[in-house]
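Here the structure is laid out as structure tokens; the discussion comes afterwards.
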Protein chains: 2
Amino acid sequence: MQGKTETVTYVKSGCHGNGRYQVRILVLGGDGYLGWPTALHLSRSGYDVGVADNFARRGYDLEMGVGSLVPISSLHRRVECWEDVSGRRIDMFIGDLTEETFVYDLVGSFRPDAIVHFAEQRSAPYSMVDRKHAVYTQVNNVVGTLNLLYAIAEVDPSIHLVKLGTMGEYGTPNIDIEEGYIEITHRGRTDVLPFPKQPGSIYHLSKVHDSHNIAFACRAWGLRSTDLNQGVVYGQSTPETTLHPDLATRFDYDAVFGTVLNRFVIEAAADEPLLVYGKGGQTRGFLDIRDTLACVELAVRHPAKAGEFRVFNQFTESFSVMELAQRVSIAAGGATIVHIDDPRVEAEEHYYRAAHTKLLDLGLMPYLLGEELLSDLLSMARSHLDRLERSALEPKIQWRSTASSITRRQWTRPEHSPAERPL
Amino acid sequence: MQGKTETVTYVKSGCHGNGRYQVRILVLGGDGYLGWPTALHLSRSGYDVGVADNFARRGYDLEMGVGSLVPISSLHRRVECWEDVSGRRIDMFIGDLTEETFVYDLVGSFRPDAIVHFAEQRSAPYSMVDRKHAVYTQVNNVVGTLNLLYAIAEVDPSIHLVKLGTMGEYGTPNIDIEEGYIEITHRGRTDVLPFPKQPGSIYHLSKVHDSHNIAFACRAWGLRSTDLNQGVVYGQSTPETTLHPDLATRFDYDAVFGTVLNRFVIEAAADEPLLVYGKGGQTRGFLDIRDTLACVELAVRHPAKAGEFRVFNQFTESFSVMELAQRVSIAAGGATIVHIDDPRVEAEEHYYRAAHTKLLDLGLMPYLLGEELLSDLLSMARSHLDRLERSALEPKIQWRSTASSITRRQWTRPEHSPAERPL
């Protein structure tokens, strides 16, 4: 299929109010599950797009001995293919946000109008492997974002930072979750304050740290930022990634990076039981991958004001884990659902109601979870089952332990003594 | 005065409920302004005390070209002197909490019952110098504390972590500040949630990050911790530090590490104007250095429960900056008060009322700010004026800038061009 080319039209965006014809957008983490389709979507919409990545996500695959169920091409090939297919060029920057010279050069040379920041370690289980992975996750995420804030402040404070946060920052309070802020009346006085955060992993904590740091940078230096507190994303295809196999994005099934609905689909396609952690009453906000792209574009088209730290809750529907398992089971013609001990520290049943109207107010038209999407996902998963490493479905990282292992080797050779644990 | 020895008695603490005669306490940052007097106080109270330090604080002095107004001895000499004076040994560990092997060895070899953690970069202005100092502050503080949490969880989860936080984590909300948590009723439902945080510098942010990380470690691994959200400390003498000149603790006057009341006293002693930032309506919680020691001991004697993350607001009185300037001015017989542009981004006038009853409930008997203390501080400052570097009184670090300088050289040689800015 390599080399197959199909030409698409793209919409020129015209002037977005800053007096330039093309609005320039940097997508950080532009080689990842969501970063790559976002870059394609924005490029097709007429923006001048640059992507930056350090390939950390591909490195985690090497560390774990697994890979995307759907084969993905190198970033170089992806960008070439997109130019063949669309006639649109995407600028590519290889480097690490924790290296300040890279960040300053990147922002200074590309001179974006907006930066969409996906470039963080994004797996809760990965952050909970052990001390080393915990420290890596927080330093990588927090320092990368700090460097970015300083570079924006020094290069051009009018750059709009669109930052990917997570609904997991809020935890599961026993009150309604609002979008970033809550009005509190206490002992006769009232103020609007940041919504209290109760993150449930070292990863989720890193996002909370980021949110506090960005809010401060907006206050101190007049930066403008939108924090997209995203729910759990499902799906794999977008109108752009399906144009050519070399444009496909990742589809993760392993218990470390696979998110819950995607994992259930692959388990069902592979005739494996759907693994529900604990009771399955854990309720979260979800969204289709195509809505991620739409939400990011809406945020970019309607920038925050100078000095404003704006928070959007980016999801379209709430489901409990059991509801999702049941829907996937039915769509697959009756997959088995198995409850296993919850490896996480979380409430297995709880109240959950979260506001998510700000993106709808900007015009989001959500793709809701339906039979057709599940059926498409199941077919796609079935067509790549030869790439499935079944041992990777099992959750091995225990929140209550400070030292788990994520390498495949330990799982497939259980006769190893614990002392022999490989890297 | 070197070598002058005075013998003191100390109280044996007896059994503190864990079946051992001597309770063992590690004081991290035990060479610092508060860490050292805390170690002495706990040693005199009968605890077996160890101190750990990487001498970062003395390094900042070298970087800035300033020093404590009161001369201080090396940690080695301090510990020797204490043994001469009291007959009590303090174990000394030299190393850095960001190095995990040091932390694991430290906790594993000393096997403390409680760890009092002062070992963080503690200056807001220092954290706001530039990108490098910001990243240093957050990585140093957050990674050091993360390493400590992992070491405690793996060595002995029953160790009580007494962590120094700051009242600055809360910012200045327009409602009463509670001790760590607040009951919120919202749309007909009620929950007790972490009090929202609005920290005002990169340093204060690092403490907020720590608080979230520690709360999670208590929830996930059943650790026990007390977060002491401390106000601004004033004073320099404690019953132990005055026993011998080699036991003295630091007294900082520079605009980077000197806290507001101590700075006013030294400015008054030196016949310099008291520099009030902006209107001076900034109101904060304050406490005497002797109350810091008492509060830490109270926290140690009444440990948090397993899994509990407990927050105490550690201050005894609230003052506005102008009130303090006026009190010091009167005590000094009429020092001049000068308002300068506020280098910080903060409200110069605001509502401020913060709860601080939990330590009182445990038995704290506060030293309130009085004439005698101010008079003693003024005499002490006057006796060391030959060590004063006047240029260091001027605040040079601007919150609204991302690149200030803290080296003395730049201030005293203003003919340097900005491009020549020395390290």
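Residues are named by chain letter and number: chains run A, B, ... in the order of the structure tokens, numbers start at 1 in each chain, and ligands are numbered from 1 in the order shown.
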List every residue of chain A that has an atom at most 8 Å from any atom of chain B, and for each one report the closest atom pair and its distance in Å to one decimal, counting only C-alpha atoms, with rows sorted by chain and then by increasing residue number, as a Markdown table.
```
| residue | atom | partner | partner_atom | distance |
| --- | --- | --- | --- | --- |
| A:Arg131 | CA | B:Tyr150 | CA | 6.3 |
| A:Val135 | CA | B:Val143 | CA | 6.4 |
| A:Val139 | CA | B:Val139 | CA | 6.7 |
| A:Val143 | CA | B:Val135 | CA | 6.4 |
| A:Leu146 | CA | B:Val135 | CA | 7.1 |
| A:Asn147 | CA | B:Arg131 | CA | 7.1 |
| A:Tyr150 | CA | B:Arg131 | CA | 6.3 |
| A:Ala153 | CA | B:Thr402 | CA | 7.4 |
| A:Glu154 | CA | B:Thr402 | CA | 7.3 |
| A:Pro173 | CA | B:Asp191 | CA | 6.9 |
| A:Asn174 | CA | B:Asp191 | CA | 5.5 |
| A:Ile175 | CA | B:Arg189 | CA | 5.4 |
| A:Asp176 | CA | B:His186 | CA | 7.1 |
| A:Ile184 | CA | B:Ile184 | CA | 6.9 |
| A:Thr185 | CA | B:Ile175 | CA | 7.6 |
| A:His186 | CA | B:Ile175 | CA | 6.3 |
| A:Arg187 | CA | B:Asp176 | CA | 7.3 |
| A:Arg189 | CA | B:Ile175 | CA | 5.5 |
| A:Thr190 | CA | B:Ile175 | CA | 6.1 |
| A:Asp191 | CA | B:Asn174 | CA | 5.5 |
| A:Leu193 | CA | B:Pro196 | CA | 6.4 |
| A:Pro194 | CA | B:Pro196 | CA | 5.7 |
| A:Phe195 | CA | B:Pro196 | CA | 6.5 |
| A:Pro196 | CA | B:Pro196 | CA | 5.1 |
| A:Lys197 | CA | B:Pro194 | CA | 7.1 |
| A:Gln198 | CA | B:Pro194 | CA | 7.7 |
| A:Pro199 | CA | B:Phe216 | CA | 7.6 |
| A:Gly200 | CA | B:Phe216 | CA | 7.0 |
| A:Ser201 | CA | B:Phe216 | CA | 7.4 |
| A:Ile202 | CA | B:Asn213 | CA | 7.4 |
| A:Leu205 | CA | B:Asn213 | CA | 6.7 |
| A:Val208 | CA | B:His209 | CA | 7.9 |
| A:His209 | CA | B:His209 | CA | 5.6 |
| A:His212 | CA | B:Leu205 | CA | 6.9 |
| A:Asn213 | CA | B:Leu205 | CA | 6.7 |
| A:Phe216 | CA | B:Gly200 | CA | 7.0 |
| A:Arg219 | CA | B:Val345 | CA | 7.8 |
| A:Ala220 | CA | B:Arg400 | CA | 5.6 |
| A:Trp221 | CA | B:Arg400 | CA | 5.6 |
| A:Val345 | CA | B:Ala220 | CA | 6.0 |
| A:Trp399 | CA | B:Ala220 | CA | 6.6 |
| A:Arg400 | CA | B:Trp221 | CA | 5.6 |
| A:Ser401 | CA | B:Trp221 | CA | 7.4 |
| A:Thr402 | CA | B:Tyr150 | CA | 6.9 |
```
Export N, CA and C atoms of the chosen residues as a compact mmCIF listing (two decimals), in the first residue's frame?
```
# COMPACT_ATOMS: atom_id res chain seq x y z
N ARG A 131 9.75 4.42 41.00
CA ARG A 131 10.26 5.76 41.27
C ARG A 131 10.84 6.42 40.02
N VAL A 135 9.47 9.93 38.51
CA VAL A 135 10.27 11.15 38.42
C VAL A 135 10.40 11.57 36.95
N VAL A 139 9.16 15.26 35.77
CA VAL A 139 10.18 16.17 35.26
C VAL A 139 9.94 16.44 33.78
N VAL A 143 8.88 20.25 33.34
CA VAL A 143 9.99 21.06 32.82
C VAL A 143 9.73 21.43 31.36
N LEU A 146 7.32 24.25 31.49
CA LEU A 146 7.97 25.47 32.01
C LEU A 146 8.84 26.11 30.94
N ASN A 147 9.66 25.29 30.26
CA ASN A 147 10.51 25.84 29.21
C ASN A 147 9.67 26.54 28.14
N TYR A 150 8.41 29.97 29.35
CA TYR A 150 9.46 30.99 29.28
C TYR A 150 9.75 31.38 27.83
N ALA A 153 6.95 33.61 26.63
CA ALA A 153 7.04 34.93 27.26
C ALA A 153 8.16 35.76 26.64
N GLU A 154 9.26 35.11 26.28
CA GLU A 154 10.42 35.86 25.79
C GLU A 154 10.37 36.09 24.29
N PRO A 173 -14.91 14.06 42.83
CA PRO A 173 -15.51 14.69 44.00
C PRO A 173 -17.00 14.36 44.08
N ASN A 174 -17.55 14.54 45.25
CA ASN A 174 -18.98 14.25 45.45
C ASN A 174 -19.87 15.44 45.10
N ILE A 175 -19.31 16.39 44.36
CA ILE A 175 -20.10 17.53 43.85
C ILE A 175 -19.90 17.61 42.34
N ASP A 176 -20.72 18.39 41.67
CA ASP A 176 -20.57 18.59 40.22
C ASP A 176 -19.22 19.23 39.92
N ILE A 184 -17.32 29.73 45.19
CA ILE A 184 -17.47 29.19 46.54
C ILE A 184 -17.95 30.29 47.48
N THR A 185 -19.02 30.01 48.19
CA THR A 185 -19.48 30.91 49.25
C THR A 185 -19.14 30.25 50.57
N HIS A 186 -18.43 30.99 51.42
CA HIS A 186 -17.89 30.40 52.64
C HIS A 186 -17.90 31.46 53.73
N ARG A 187 -18.58 31.16 54.82
CA ARG A 187 -18.67 32.09 55.96
C ARG A 187 -19.07 33.50 55.49
N ARG A 189 -18.80 35.02 52.58
CA ARG A 189 -18.08 35.70 51.51
C ARG A 189 -18.01 34.77 50.29
N THR A 190 -17.83 35.36 49.12
CA THR A 190 -17.86 34.57 47.88
C THR A 190 -16.66 34.89 47.00
N ASP A 191 -16.10 33.86 46.40
CA ASP A 191 -15.01 34.08 45.42
C ASP A 191 -15.10 32.98 44.37
N LEU A 193 -12.80 30.46 42.48
CA LEU A 193 -11.46 29.92 42.73
C LEU A 193 -11.22 28.72 41.82
N PRO A 194 -9.94 28.35 41.66
CA PRO A 194 -9.66 27.14 40.87
C PRO A 194 -10.39 25.94 41.47
N PHE A 195 -10.98 25.10 40.62
CA PHE A 195 -11.66 23.92 41.13
C PHE A 195 -10.63 23.02 41.81
N PRO A 196 -10.94 22.53 43.04
CA PRO A 196 -9.97 21.68 43.76
C PRO A 196 -9.62 20.43 42.96
N LYS A 197 -8.36 20.04 43.04
CA LYS A 197 -7.86 18.92 42.25
C LYS A 197 -7.53 17.72 43.13
N GLN A 198 -7.95 16.54 42.67
CA GLN A 198 -7.65 15.29 43.40
C GLN A 198 -7.18 14.23 42.41
N PRO A 199 -6.04 14.46 41.77
CA PRO A 199 -5.56 13.56 40.72
C PRO A 199 -5.20 12.18 41.27
N GLY A 200 -5.36 11.15 40.44
CA GLY A 200 -5.24 9.78 40.92
C GLY A 200 -4.01 9.02 40.47
N SER A 201 -3.00 9.69 39.96
CA SER A 201 -1.74 9.02 39.61
C SER A 201 -0.65 10.07 39.50
N ILE A 202 0.59 9.60 39.46
CA ILE A 202 1.73 10.52 39.29
C ILE A 202 1.59 11.29 37.98
N LEU A 205 -1.10 13.90 38.43
CA LEU A 205 -0.48 14.96 39.23
C LEU A 205 0.35 15.90 38.36
N VAL A 208 -1.79 18.43 36.87
CA VAL A 208 -2.23 19.43 37.85
C VAL A 208 -1.11 20.45 38.08
N HIS A 209 0.13 19.96 38.18
CA HIS A 209 1.27 20.87 38.34
C HIS A 209 1.33 21.85 37.15
N HIS A 212 -1.33 24.60 37.34
CA HIS A 212 -0.97 25.68 38.27
C HIS A 212 0.14 26.57 37.68
N ASN A 213 1.14 25.93 37.06
CA ASN A 213 2.24 26.72 36.48
C ASN A 213 1.74 27.63 35.36
N PHE A 216 -0.26 30.62 36.60
CA PHE A 216 0.63 31.64 37.14
C PHE A 216 1.30 32.44 36.01
N ARG A 219 -0.96 34.99 34.71
CA ARG A 219 -1.13 36.09 35.64
C ARG A 219 0.11 36.99 35.68
N ALA A 220 1.31 36.37 35.69
CA ALA A 220 2.54 37.15 35.88
C ALA A 220 2.99 37.83 34.59
N TRP A 221 2.88 37.12 33.47
CA TRP A 221 3.48 37.62 32.24
C TRP A 221 2.45 37.95 31.16
N VAL A 345 -5.76 2.79 42.60
CA VAL A 345 -6.39 3.26 43.84
C VAL A 345 -7.43 4.29 43.41
N TRP A 399 -1.02 0.15 41.53
CA TRP A 399 -0.91 1.48 42.17
C TRP A 399 -0.37 1.36 43.60
N ARG A 400 -0.74 0.29 44.31
CA ARG A 400 -0.35 0.17 45.72
C ARG A 400 1.10 -0.28 45.89
N SER A 401 1.72 -0.68 44.79
CA SER A 401 3.12 -1.06 44.85
C SER A 401 3.97 0.09 44.30
N THR A 402 5.17 0.24 44.83
CA THR A 402 6.05 1.28 44.29
C THR A 402 7.04 0.71 43.28
```
Selection: 8 Å around Gly363 in chain B, only C-alpha atoms, excl. self and same-chain fewer than 3 positions, as JSON, numbers by chain
{"B": [298, 359, 360]}
Counting only C-alpha atoms, the residue of A:Val49, A:Met167, A:Leu293, A:Leu374 that sits nearest Asn262 in chain A:
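Closest candidate: A:Leu374.
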Pick out each residue of range 156-242 of chain B that DSSP on the backbone tags as helix (DSSP H, G or I); I need them as a list in words.
Met167, Gly168, Glu169, Ile202, Tyr203, His204, Leu205, Ser206, Lys207, Val208, His209, Asp210, Ser211, His212, Asn213, Ile214, Ala215, Phe216, Ala217, Cys218, Arg219, Ala220, Trp221, Thr241 and Thr242 of chain B
Let's have the selection written as a PDB file, in the first residue's frame, with C-alpha atoms.
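Resulting contents of again_11.pdb:
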```
ATOM      1  CA  MET B 167       0.769  29.765  53.688  1.00  0.00           C
ATOM      2  CA  GLY B 168       1.622  31.221  50.264  1.00  0.00           C
ATOM      3  CA  GLU B 169       0.136  28.114  48.658  1.00  0.00           C
ATOM      4  CA  ILE B 202       7.491  29.543  40.917  1.00  0.00           C
ATOM      5  CA  TYR B 203       8.679  28.646  44.432  1.00  0.00           C
ATOM      6  CA  HIS B 204       5.189  28.743  45.924  1.00  0.00           C
ATOM      7  CA  LEU B 205       4.035  26.616  42.977  1.00  0.00           C
ATOM      8  CA  SER B 206       6.662  24.001  43.841  1.00  0.00           C
ATOM      9  CA  LYS B 207       5.157  23.708  47.327  1.00  0.00           C
ATOM     10  CA  VAL B 208       1.679  23.274  45.835  1.00  0.00           C
ATOM     11  CA  HIS B 209       3.045  20.505  43.603  1.00  0.00           C
ATOM     12  CA  ASP B 210       4.594  18.846  46.672  1.00  0.00           C
ATOM     13  CA  SER B 211       1.312  19.027  48.578  1.00  0.00           C
ATOM     14  CA  HIS B 212      -0.565  17.292  45.773  1.00  0.00           C
ATOM     15  CA  ASN B 213       2.146  14.631  45.439  1.00  0.00           C
ATOM     16  CA  ILE B 214       2.251  13.915  49.163  1.00  0.00           C
ATOM     17  CA  ALA B 215      -1.544  13.745  49.446  1.00  0.00           C
ATOM     18  CA  PHE B 216      -1.539  11.146  46.677  1.00  0.00           C
ATOM     19  CA  ALA B 217       1.246   9.096  48.315  1.00  0.00           C
ATOM     20  CA  CYS B 218      -0.757   8.990  51.545  1.00  0.00           C
ATOM     21  CA  ARG B 219      -3.826   7.800  49.630  1.00  0.00           C
ATOM     22  CA  ALA B 220      -2.015   5.259  47.426  1.00  0.00           C
ATOM     23  CA  TRP B 221       0.577   3.831  49.808  1.00  0.00           C
ATOM     24  CA  THR B 241      21.449  28.689  69.314  1.00  0.00           C
ATOM     25  CA  THR B 242      22.406  31.244  71.972  1.00  0.00           C
TER      26      THR B 242
END
```
So that each row is one residue of range 87-172 of chain A with an atom at most 6 Å from range 53-61 of chain A, can you give its shortest atom pair and the distance in Å to one decimal, using only C-alpha atoms, rows by chain and rising number, as CSV?
```
residue,atom,partner,partner_atom,distance
A:Ile94,CA,A:Asp53,CA,5.3
A:Gly95,CA,A:Asn54,CA,4.8
A:Asp96,CA,A:Asn54,CA,5.2
```
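With only C-alpha atoms as the atoms that count, the residue of A:Gly180, A:Gly235, A:Gly333, A:Gly258 with the shortest distance to Lys358 in chain A is A:Gly180.
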Measuring between only C-alpha atoms, which one of B:Val66, B:Val338, B:Val85, B:Leu275 shows the shortest distance to Phe257 in chain B?
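Counting only C-alpha atoms, the residue closest to Phe257 in chain B is B:Val66.
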